[in-house]
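What follows is the content of data18.txt, which has compact mmCIF, C-alpha atoms:
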```
# COMPACT_ATOMS: atom_id res chain seq x y z
CA MET P 1 9.11 11.79 -146.01
CA ILE P 2 11.55 11.09 -148.89
CA LYS P 3 13.50 13.53 -151.02
CA VAL P 4 15.90 12.27 -153.68
CA HIS P 5 17.68 15.17 -155.38
CA GLN P 6 19.85 14.97 -158.50
CA VAL P 7 21.14 11.48 -157.71
CA ASN P 8 23.63 9.88 -160.09
CA LEU P 9 24.84 6.30 -159.92
CA TYR P 10 27.16 4.39 -162.23
CA ARG P 11 28.02 0.71 -162.65
CA THR P 12 31.38 -0.44 -164.00
CA GLN P 13 31.04 -2.92 -166.88
CA GLY P 14 34.43 -4.11 -168.06
CA ARG P 15 36.39 -1.03 -169.02
CA SER P 16 33.36 1.21 -169.34
CA GLN P 17 30.78 2.69 -167.03
CA ARG P 18 27.01 2.57 -167.39
CA GLN P 19 24.89 5.28 -165.83
CA ILE P 20 22.00 3.72 -163.91
CA LEU P 21 20.50 6.88 -162.39
CA ASP P 22 20.85 10.21 -164.17
CA HIS P 23 20.13 13.27 -162.00
CA CYS P 24 17.18 11.36 -160.56
CA ASP P 25 14.64 13.28 -158.47
CA LEU P 26 11.87 11.92 -156.26
CA GLU P 27 9.63 13.31 -153.55
CA VAL P 28 7.28 11.15 -151.50
CA ALA P 29 4.90 12.62 -148.94
CA SER P 30 4.35 11.12 -145.52
CA GLY P 31 1.64 8.46 -145.66
CA GLU P 32 1.78 8.18 -149.45
CA ARG P 33 1.79 4.80 -151.21
CA LEU P 34 3.89 4.89 -154.38
CA ALA P 35 4.65 2.28 -157.04
CA ILE P 36 7.81 2.51 -159.16
CA MET P 37 7.76 0.64 -162.46
CA GLY P 38 10.28 0.20 -165.26
CA GLU P 39 12.02 -2.32 -167.47
CA SER P 40 14.35 -4.94 -166.04
CA GLY P 41 17.71 -3.36 -165.32
CA ALA P 42 16.32 0.18 -165.30
CA GLY P 43 17.55 0.76 -161.75
CA LYS P 44 14.32 0.38 -159.76
CA SER P 45 15.79 -1.89 -157.08
CA THR P 46 18.96 0.20 -156.99
CA LEU P 47 16.92 3.30 -156.20
CA LEU P 48 15.17 1.44 -153.39
CA HIS P 49 18.52 0.28 -152.01
CA LEU P 50 19.79 3.86 -152.02
CA ILE P 51 16.78 5.02 -150.00
CA ALA P 52 17.38 2.12 -147.59
CA GLY P 53 21.03 3.09 -147.19
CA LEU P 54 22.16 -0.26 -148.58
CA GLU P 55 23.99 1.45 -151.46
CA HIS P 56 25.45 4.92 -151.90
CA PRO P 57 25.01 7.32 -154.84
CA ASP P 58 27.98 8.67 -156.74
CA SER P 59 26.53 12.15 -156.34
CA GLY P 60 23.34 13.84 -155.24
CA HIS P 61 21.43 13.90 -151.97
CA ILE P 62 18.91 11.64 -150.26
CA GLN P 63 16.85 12.71 -147.26
CA VAL P 64 14.42 10.53 -145.35
CA ASP P 65 12.19 12.12 -142.72
CA GLY P 66 14.49 15.15 -142.66
CA ASP P 67 17.70 13.15 -142.16
CA THR P 68 20.42 13.18 -144.85
CA LEU P 69 21.88 9.73 -145.58
CA GLU P 70 25.21 10.64 -147.17
CA GLY P 71 28.19 10.81 -144.83
CA ARG P 72 26.72 8.42 -142.30
CA THR P 73 28.87 5.68 -140.79
CA PRO P 74 27.86 2.02 -141.17
CA ALA P 75 26.73 2.03 -137.54
CA GLN P 76 24.58 5.11 -138.12
CA LEU P 77 23.04 3.56 -141.22
CA CYS P 78 22.28 0.42 -139.23
CA GLN P 79 20.41 2.54 -136.69
CA TYR P 80 18.59 4.30 -139.52
CA ARG P 81 17.43 0.98 -141.00
CA LYS P 82 15.81 0.11 -137.68
CA ARG P 83 13.31 2.88 -138.48
CA ILE P 84 12.23 1.42 -141.84
CA GLY P 85 10.66 -1.84 -142.95
CA LEU P 86 12.06 -3.86 -145.86
CA VAL P 87 10.21 -6.46 -147.94
CA PHE P 88 11.98 -8.31 -150.74
CA GLN P 89 10.98 -10.70 -153.50
CA GLN P 90 12.99 -13.39 -151.74
CA PHE P 91 11.26 -13.95 -148.41
CA ASN P 92 14.54 -14.02 -146.41
CA LEU P 93 12.96 -15.75 -143.43
CA LEU P 94 15.23 -17.35 -140.83
CA PRO P 95 14.65 -21.09 -141.33
CA THR P 96 15.41 -22.11 -137.73
CA LEU P 97 12.86 -19.69 -136.26
CA THR P 98 9.10 -20.14 -136.04
CA VAL P 99 6.66 -17.78 -137.71
CA ALA P 100 6.25 -16.02 -134.35
CA ASP P 101 9.98 -15.48 -133.91
CA ASN P 102 10.45 -14.36 -137.53
CA VAL P 103 7.63 -11.82 -137.25
CA LEU P 104 8.88 -10.48 -133.92
CA PHE P 105 12.60 -10.51 -134.81
CA GLN P 106 13.02 -6.81 -135.66
CA HIS P 107 10.43 -5.85 -133.06
CA ARG P 108 12.60 -7.42 -130.35
CA LEU P 109 15.82 -5.93 -131.78
CA ASN P 110 14.21 -2.53 -131.34
CA ALA P 111 13.45 -3.41 -127.69
CA LEU P 112 9.71 -2.93 -128.18
CA ASN P 113 7.26 -4.54 -125.82
CA ASN P 114 3.86 -4.73 -127.47
CA GLU P 115 3.77 -8.22 -128.96
CA ARG P 116 0.05 -8.50 -128.31
CA ALA P 117 -0.57 -5.46 -130.50
CA VAL P 118 1.56 -7.04 -133.28
CA LYS P 119 -0.61 -10.13 -133.13
CA ASP P 120 -3.89 -8.20 -133.10
CA THR P 121 -3.14 -5.49 -135.67
CA ILE P 122 -0.72 -7.21 -138.06
CA ALA P 123 -0.43 -11.00 -137.69
CA ALA P 124 -4.14 -11.72 -137.34
CA PRO P 125 -5.25 -9.59 -140.34
CA LEU P 126 -2.57 -11.35 -142.42
CA GLY P 127 -3.97 -14.73 -141.36
CA LEU P 128 -0.81 -15.81 -139.53
CA MET P 129 -2.16 -16.91 -136.16
CA PRO P 130 -2.90 -20.51 -137.29
CA LEU P 131 0.71 -20.65 -138.54
CA TRP P 132 2.27 -19.02 -135.46
CA ASP P 133 4.26 -22.06 -134.27
CA LEU P 134 5.23 -23.43 -137.69
CA TYR P 135 8.60 -23.06 -139.46
CA PRO P 136 9.19 -21.46 -142.87
CA ASP P 137 9.68 -24.80 -144.67
CA GLN P 138 6.17 -25.79 -143.59
CA LEU P 139 4.61 -22.80 -145.35
CA SER P 140 3.53 -22.05 -148.90
CA GLY P 141 5.12 -19.19 -150.83
CA GLY P 142 2.19 -16.89 -150.16
CA GLU P 143 2.28 -17.70 -146.46
CA GLN P 144 6.02 -17.01 -146.31
CA GLN P 145 5.56 -13.64 -147.97
CA ARG P 146 2.82 -12.73 -145.51
CA VAL P 147 5.27 -13.55 -142.70
CA ALA P 148 7.90 -11.33 -144.36
CA ILE P 149 5.40 -8.48 -144.60
CA ALA P 150 4.38 -8.88 -140.96
CA ARG P 151 8.06 -8.81 -139.93
CA ALA P 152 8.59 -5.55 -141.86
CA LEU P 153 5.58 -3.92 -140.16
CA ALA P 154 5.99 -5.28 -136.63
CA HIS P 155 8.52 -2.73 -135.30
CA GLN P 156 6.25 0.19 -136.21
CA PRO P 157 8.33 1.79 -138.99
CA THR P 158 7.06 4.95 -140.62
CA LEU P 159 8.49 3.93 -144.03
CA ILE P 160 8.12 0.60 -145.86
CA LEU P 161 10.31 -0.21 -148.88
CA ALA P 162 9.16 -3.21 -150.91
CA ASP P 163 11.05 -4.72 -153.85
CA GLU P 164 8.80 -6.90 -156.05
CA PRO P 165 7.05 -8.37 -152.97
CA THR P 166 4.71 -10.51 -155.08
CA GLY P 167 7.24 -11.43 -157.78
CA ASN P 168 7.64 -15.04 -156.61
CA LEU P 169 3.92 -15.66 -156.22
CA ASP P 170 1.27 -16.76 -158.67
CA GLU P 171 -1.15 -14.09 -159.83
CA GLN P 172 -4.05 -14.96 -157.52
CA THR P 173 -1.87 -15.35 -154.42
CA GLY P 174 0.03 -12.19 -155.28
CA ASP P 175 -3.20 -10.21 -155.59
CA GLU P 176 -4.42 -11.50 -152.22
CA VAL P 177 -1.13 -10.70 -150.46
CA MET P 178 -0.92 -7.27 -152.09
CA ALA P 179 -4.46 -6.36 -151.05
CA LEU P 180 -3.66 -7.20 -147.43
CA PHE P 181 -0.33 -5.36 -147.61
CA ALA P 182 -1.86 -2.17 -149.03
CA GLN P 183 -4.73 -2.26 -146.56
CA LEU P 184 -2.44 -2.66 -143.55
CA THR P 185 -0.03 0.11 -144.51
CA ARG P 186 -3.01 2.39 -145.10
CA GLN P 187 -4.54 1.57 -141.72
CA LEU P 188 -1.21 2.05 -139.94
CA GLY P 189 -0.52 5.35 -141.72
CA GLN P 190 2.79 4.16 -143.13
CA THR P 191 4.55 5.49 -146.21
CA LEU P 192 5.04 2.75 -148.81
CA VAL P 193 7.39 2.78 -151.79
CA MET P 194 7.11 -0.38 -153.88
CA VAL P 195 9.05 -1.53 -156.91
CA THR P 196 6.96 -3.75 -159.17
CA HIS P 197 6.83 -4.96 -162.76
CA SER P 198 3.07 -5.51 -162.51
CA SER P 199 0.69 -2.73 -163.56
CA ARG P 200 -2.05 -4.63 -161.75
CA VAL P 201 -0.12 -4.46 -158.46
CA ALA P 202 0.81 -0.81 -159.07
CA ALA P 203 -2.87 0.03 -159.51
CA THR P 204 -3.52 -0.88 -155.86
CA LEU P 205 -1.44 2.14 -154.77
CA GLU P 206 -2.26 5.84 -155.10
CA ARG P 207 0.56 6.93 -157.43
CA THR P 208 2.79 5.29 -160.04
CA LEU P 209 6.08 6.56 -161.48
CA HIS P 210 8.10 5.00 -164.30
CA LEU P 211 11.89 4.83 -164.27
CA ARG P 212 13.27 5.38 -167.77
CA GLN P 213 16.81 6.29 -168.79
CA GLY P 214 17.77 6.94 -165.20
CA ARG P 215 14.94 9.32 -164.36
CA LEU P 216 11.43 9.06 -162.94
CA HIS P 217 8.42 10.05 -165.05
CA ASP P 218 4.66 10.11 -164.49
```

Let me see the file written as structure tokens.
Amino acid sequence: MIKVHQVNLYRTQGRSQRQILDHCDLEVASGERLAIMGESGAGKSTLLHLIAGLEHPDSGHIQVDGDTLEGRTPAQLCQYRKRIGLVFQQFNLLPTLTVADNVLFQHRLNALNNERAVKDTIAAPLGLMPLWDLYPDQLSGGEQQRVAIARALAHQPTLILADEPTGNLDEQTGDEVMALFAQLTRQLGQTLVMVTHSSRVAATLERTLHLRQGRLHD
């Protein structure tokens, strides 16, 4: 599903450059659920952004589902991102839309027509049906993150990229949301790559890698 090969990425800091990723390699099989851990500033989120096509490496190659990302136009990358689901620490819900419209936003952009299936297989297991007509400012943090997760899953992506999805939640709420998230991606057969600082959250997935000095280690 994912192949990152010899990727280098630098950040300019004043007059010098700092290397964030140093000949970084990663392979993720289809249907695998992987956690990536590391210290703050190690480049975990950057690596996720590269796989999502939101940033570009200085060198190296990234393939997702057999497609190479480098050299793609912004329009092509936009089309590519329609095939993946993104979940961030910030919920990024649209405040003027109801829970229903937030969940179905990407689903409708992709011109899909199975809203009943989204309700039955995603929204209901996440406990969102009682909240269906509410707005984001009427929800708790845990409820908002469950909406964000449902939105990422609703357009049937094969790959889910999650960046600290429980980072803004208290421990108990985070554990509950993570359990639902892991269960749903497993049931739907989706590949999940998650960045997290929590070893407890990482333990809910099948494999964990640590990003140190620009490279991934077991």

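Residue nearest P:Thr158, chosen from P:Ala203, P:Leu48, P:Val64, P:Leu104 and counting only C-alpha atoms: P:Val64.
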
Tell me, counting only C-alpha atoms, for each residue of stretch 23-87 of chain P within 6 Å of stretch 5-14 of chain P, which pair of atoms is nearest and how far apart they are in Å to one decimal, in rows ordered by chain and increasing number, as a tab-separated table.
```
residue	atom	partner	partner_atom	distance
P:His23	CA	P:Gln6	CA	3.9
P:Cys24	CA	P:Val7	CA	4.9
P:Asp25	CA	P:His5	CA	4.7
P:Pro57	CA	P:Leu9	CA	5.2
P:Asp58	CA	P:Leu9	CA	5.1
P:Ser59	CA	P:Asn8	CA	5.3
P:Gly60	CA	P:Val7	CA	4.1
P:His61	CA	P:His5	CA	5.2
```

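Candidate residues P:Leu205, P:Met1, P:Leu86, P:Val103 were compared for distance to P:Glu115, and the nearest is P:Val103, using all atoms listed in the file.
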
**Study point:** Nearest to P:Thr46, chosen from P:Leu211, P:Ala179, P:Ser16, P:Leu192, with only C-alpha atoms counted in the distances
**Key:** P:Leu211

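With all atoms listed in the file as the atoms that count, the residue of P:Thr173, P:Gln187, P:Thr166, P:Gln76 with the shortest distance to P:Ala202 is P:Thr166.
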
Determine, using only C-alpha atoms, which residues of stretch 48-165 of chain P have any atom at most 12 Å from an atom of stretch 182-185 of chain P, and tabulate each with its shortest atom pair and distance in Å to one decimal place, rows ordered by chain and then rising number, as a Markdown table.
```
| residue | atom | partner | partner_atom | distance |
| --- | --- | --- | --- | --- |
| P:Gly85 | CA | P:Thr185 | CA | 11.0 |
| P:Val118 | CA | P:Leu184 | CA | 11.9 |
| P:Asp120 | CA | P:Leu184 | CA | 11.9 |
| P:Thr121 | CA | P:Leu184 | CA | 8.4 |
| P:Ile122 | CA | P:Leu184 | CA | 7.3 |
| P:Ala123 | CA | P:Leu184 | CA | 10.4 |
| P:Ala124 | CA | P:Leu184 | CA | 11.1 |
| P:Pro125 | CA | P:Leu184 | CA | 8.1 |
| P:Leu126 | CA | P:Leu184 | CA | 8.8 |
| P:Arg146 | CA | P:Leu184 | CA | 11.5 |
| P:Ile149 | CA | P:Leu184 | CA | 9.8 |
| P:Ala150 | CA | P:Leu184 | CA | 9.6 |
| P:Ala152 | CA | P:Thr185 | CA | 10.6 |
| P:Leu153 | CA | P:Thr185 | CA | 8.2 |
| P:Ala154 | CA | P:Leu184 | CA | 11.2 |
| P:Gln156 | CA | P:Thr185 | CA | 10.4 |
| P:Pro157 | CA | P:Thr185 | CA | 10.2 |
| P:Thr158 | CA | P:Thr185 | CA | 9.4 |
| P:Leu159 | CA | P:Thr185 | CA | 9.3 |
| P:Ile160 | CA | P:Thr185 | CA | 8.3 |
| P:Leu161 | CA | P:Thr185 | CA | 11.2 |
| P:Ala162 | CA | P:Ala182 | CA | 11.2 |
| P:Pro165 | CA | P:Ala182 | CA | 11.5 |
```

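Closest approach to P:Arg212 among P:Ala29, P:Ala42, P:Leu50, P:Ile2 is made by P:Ala42 (distances from only C-alpha atoms).
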
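Using all atoms listed in the file for every distance, the candidate list P:Glu164, P:Val28, P:Asn113, P:Val177 yields P:Val28 as the residue closest to P:Thr191.
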
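Take atom CA of P:Glu206 and atom CA of P:Gly167: the distance between them is 19.9 Å.
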
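For the pair atom CA of P:Ala100 and atom CA of P:Leu134, the separation is 8.2 Å.
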
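The spacing separating atom CA of P:Val99 from atom CA of P:Lys82 amounts to 20.1 Å.
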
**Study point:** Close residues, P:Tyr80 itself excluded, 10 Å, only C-alpha atoms, min 3 positions apart in chain, as a ChimeraX atom specification
**Key:** /P:52-53,64,67,69,72,74-77,83-84

With N, CA and C atoms as the goal, would you fill in the gaps in stretch 174-207 of chain P and present it as an mmCIF file, in the coordinates of the input?
```cif
data_model
loop_
_atom_site.group_PDB
_atom_site.id
_atom_site.type_symbol
_atom_site.label_atom_id
_atom_site.label_comp_id
_atom_site.auth_asym_id
_atom_site.auth_seq_id
_atom_site.Cartn_x
_atom_site.Cartn_y
_atom_site.Cartn_z
ATOM 1 N N GLY P 174 -0.575 -13.513 -155.324
ATOM 2 C CA GLY P 174 0.030 -12.190 -155.280
ATOM 3 C C GLY P 174 -0.997 -11.096 -155.068
ATOM 4 N N ASP P 175 -2.142 -11.199 -155.746
ATOM 5 C CA ASP P 175 -3.200 -10.210 -155.590
ATOM 6 C C ASP P 175 -3.740 -10.208 -154.155
ATOM 7 N N GLU P 176 -3.906 -11.407 -153.589
ATOM 8 C CA GLU P 176 -4.420 -11.500 -152.220
ATOM 9 C C GLU P 176 -3.446 -10.894 -151.222
ATOM 10 N N VAL P 177 -2.154 -11.232 -151.367
ATOM 11 C CA VAL P 177 -1.130 -10.700 -150.460
ATOM 12 C C VAL P 177 -1.020 -9.197 -150.606
ATOM 13 N N MET P 178 -1.066 -8.704 -151.849
ATOM 14 C CA MET P 178 -0.920 -7.270 -152.090
ATOM 15 C C MET P 178 -2.096 -6.498 -151.501
ATOM 16 N N ALA P 179 -3.287 -7.033 -151.606
ATOM 17 C CA ALA P 179 -4.460 -6.360 -151.050
ATOM 18 C C ALA P 179 -4.332 -6.208 -149.533
ATOM 19 N N LEU P 180 -3.860 -7.258 -148.878
ATOM 20 C CA LEU P 180 -3.660 -7.200 -147.430
ATOM 21 C C LEU P 180 -2.558 -6.202 -147.071
ATOM 22 N N PHE P 181 -1.474 -6.234 -147.842
ATOM 23 C CA PHE P 181 -0.330 -5.360 -147.610
ATOM 24 C C PHE P 181 -0.742 -3.889 -147.728
ATOM 25 N N ALA P 182 -1.432 -3.546 -148.816
ATOM 26 C CA ALA P 182 -1.860 -2.170 -149.030
ATOM 27 C C ALA P 182 -2.834 -1.716 -147.959
ATOM 28 N N GLN P 183 -3.735 -2.604 -147.590
ATOM 29 C CA GLN P 183 -4.730 -2.260 -146.560
ATOM 30 C C GLN P 183 -4.067 -1.989 -145.218
ATOM 31 N N LEU P 184 -3.101 -2.831 -144.840
ATOM 32 C CA LEU P 184 -2.440 -2.660 -143.550
ATOM 33 C C LEU P 184 -1.621 -1.385 -143.489
ATOM 34 N N THR P 185 -0.835 -1.109 -144.525
ATOM 35 C CA THR P 185 -0.030 0.110 -144.510
ATOM 36 C C THR P 185 -0.918 1.349 -144.472
ATOM 37 N N ARG P 186 -2.070 1.261 -145.125
ATOM 38 C CA ARG P 186 -3.010 2.390 -145.100
ATOM 39 C C ARG P 186 -3.564 2.583 -143.697
ATOM 40 N N GLN P 187 -3.980 1.488 -143.067
ATOM 41 C CA GLN P 187 -4.540 1.570 -141.720
ATOM 42 C C GLN P 187 -3.516 2.073 -140.705
ATOM 43 N N LEU P 188 -2.254 1.670 -140.873
ATOM 44 C CA LEU P 188 -1.210 2.050 -139.940
ATOM 45 C C LEU P 188 -0.585 3.399 -140.263
ATOM 46 N N GLY P 189 -1.017 4.032 -141.358
ATOM 47 C CA GLY P 189 -0.520 5.350 -141.720
ATOM 48 C C GLY P 189 0.924 5.372 -142.168
ATOM 49 N N GLN P 190 1.393 4.260 -142.730
ATOM 50 C CA GLN P 190 2.790 4.160 -143.130
ATOM 51 C C GLN P 190 2.996 4.598 -144.579
ATOM 52 N N THR P 191 4.160 5.155 -144.841
ATOM 53 C CA THR P 191 4.550 5.490 -146.210
ATOM 54 C C THR P 191 5.077 4.227 -146.869
ATOM 55 N N LEU P 192 4.641 3.958 -148.085
ATOM 56 C CA LEU P 192 5.040 2.750 -148.810
ATOM 57 C C LEU P 192 5.586 3.114 -150.176
ATOM 58 N N VAL P 193 6.802 2.656 -150.450
ATOM 59 C CA VAL P 193 7.390 2.780 -151.790
ATOM 60 C C VAL P 193 7.654 1.360 -152.280
ATOM 61 N N MET P 194 7.026 0.988 -153.381
ATOM 62 C CA MET P 194 7.110 -0.380 -153.880
ATOM 63 C C MET P 194 7.616 -0.406 -155.318
ATOM 64 N N VAL P 195 8.597 -1.236 -155.556
ATOM 65 C CA VAL P 195 9.050 -1.530 -156.910
ATOM 66 C C VAL P 195 8.271 -2.735 -157.415
ATOM 67 N N THR P 196 7.709 -2.632 -158.602
ATOM 68 C CA THR P 196 6.960 -3.750 -159.170
ATOM 69 C C THR P 196 7.024 -3.709 -160.690
ATOM 70 N N HIS P 197 6.924 -4.888 -161.305
ATOM 71 C CA HIS P 197 6.830 -4.960 -162.760
ATOM 72 C C HIS P 197 5.378 -5.101 -163.197
ATOM 73 N N SER P 198 4.471 -5.206 -162.222
ATOM 74 C CA SER P 198 3.070 -5.510 -162.510
ATOM 75 C C SER P 198 2.212 -4.245 -162.454
ATOM 76 N N SER P 199 1.592 -3.883 -163.565
ATOM 77 C CA SER P 199 0.690 -2.730 -163.560
ATOM 78 C C SER P 199 -0.537 -3.005 -162.704
ATOM 79 N N ARG P 200 -0.910 -4.260 -162.587
ATOM 80 C CA ARG P 200 -2.050 -4.630 -161.750
ATOM 81 C C ARG P 200 -1.739 -4.368 -160.270
ATOM 82 N N VAL P 201 -0.529 -4.733 -159.834
ATOM 83 C CA VAL P 201 -0.120 -4.460 -158.460
ATOM 84 C C VAL P 201 0.027 -2.960 -158.237
ATOM 85 N N ALA P 202 0.624 -2.262 -159.202
ATOM 86 C CA ALA P 202 0.810 -0.810 -159.070
ATOM 87 C C ALA P 202 -0.525 -0.096 -158.915
ATOM 88 N N ALA P 203 -1.564 -0.616 -159.543
ATOM 89 C CA ALA P 203 -2.870 0.030 -159.510
ATOM 90 C C ALA P 203 -3.507 0.004 -158.126
ATOM 91 N N THR P 204 -2.989 -0.830 -157.221
ATOM 92 C CA THR P 204 -3.520 -0.880 -155.860
ATOM 93 C C THR P 204 -3.007 0.284 -155.014
ATOM 94 N N LEU P 205 -2.002 1.011 -155.505
ATOM 95 C CA LEU P 205 -1.440 2.140 -154.770
ATOM 96 C C LEU P 205 -1.902 3.457 -155.390
ATOM 97 N N GLU P 206 -1.672 4.563 -154.689
ATOM 98 C CA GLU P 206 -2.260 5.840 -155.100
ATOM 99 C C GLU P 206 -1.522 6.508 -156.253
ATOM 100 N N ARG P 207 -0.215 6.249 -156.400
ATOM 101 C CA ARG P 207 0.560 6.930 -157.430
ATOM 102 C C ARG P 207 1.562 5.965 -158.039
#
```
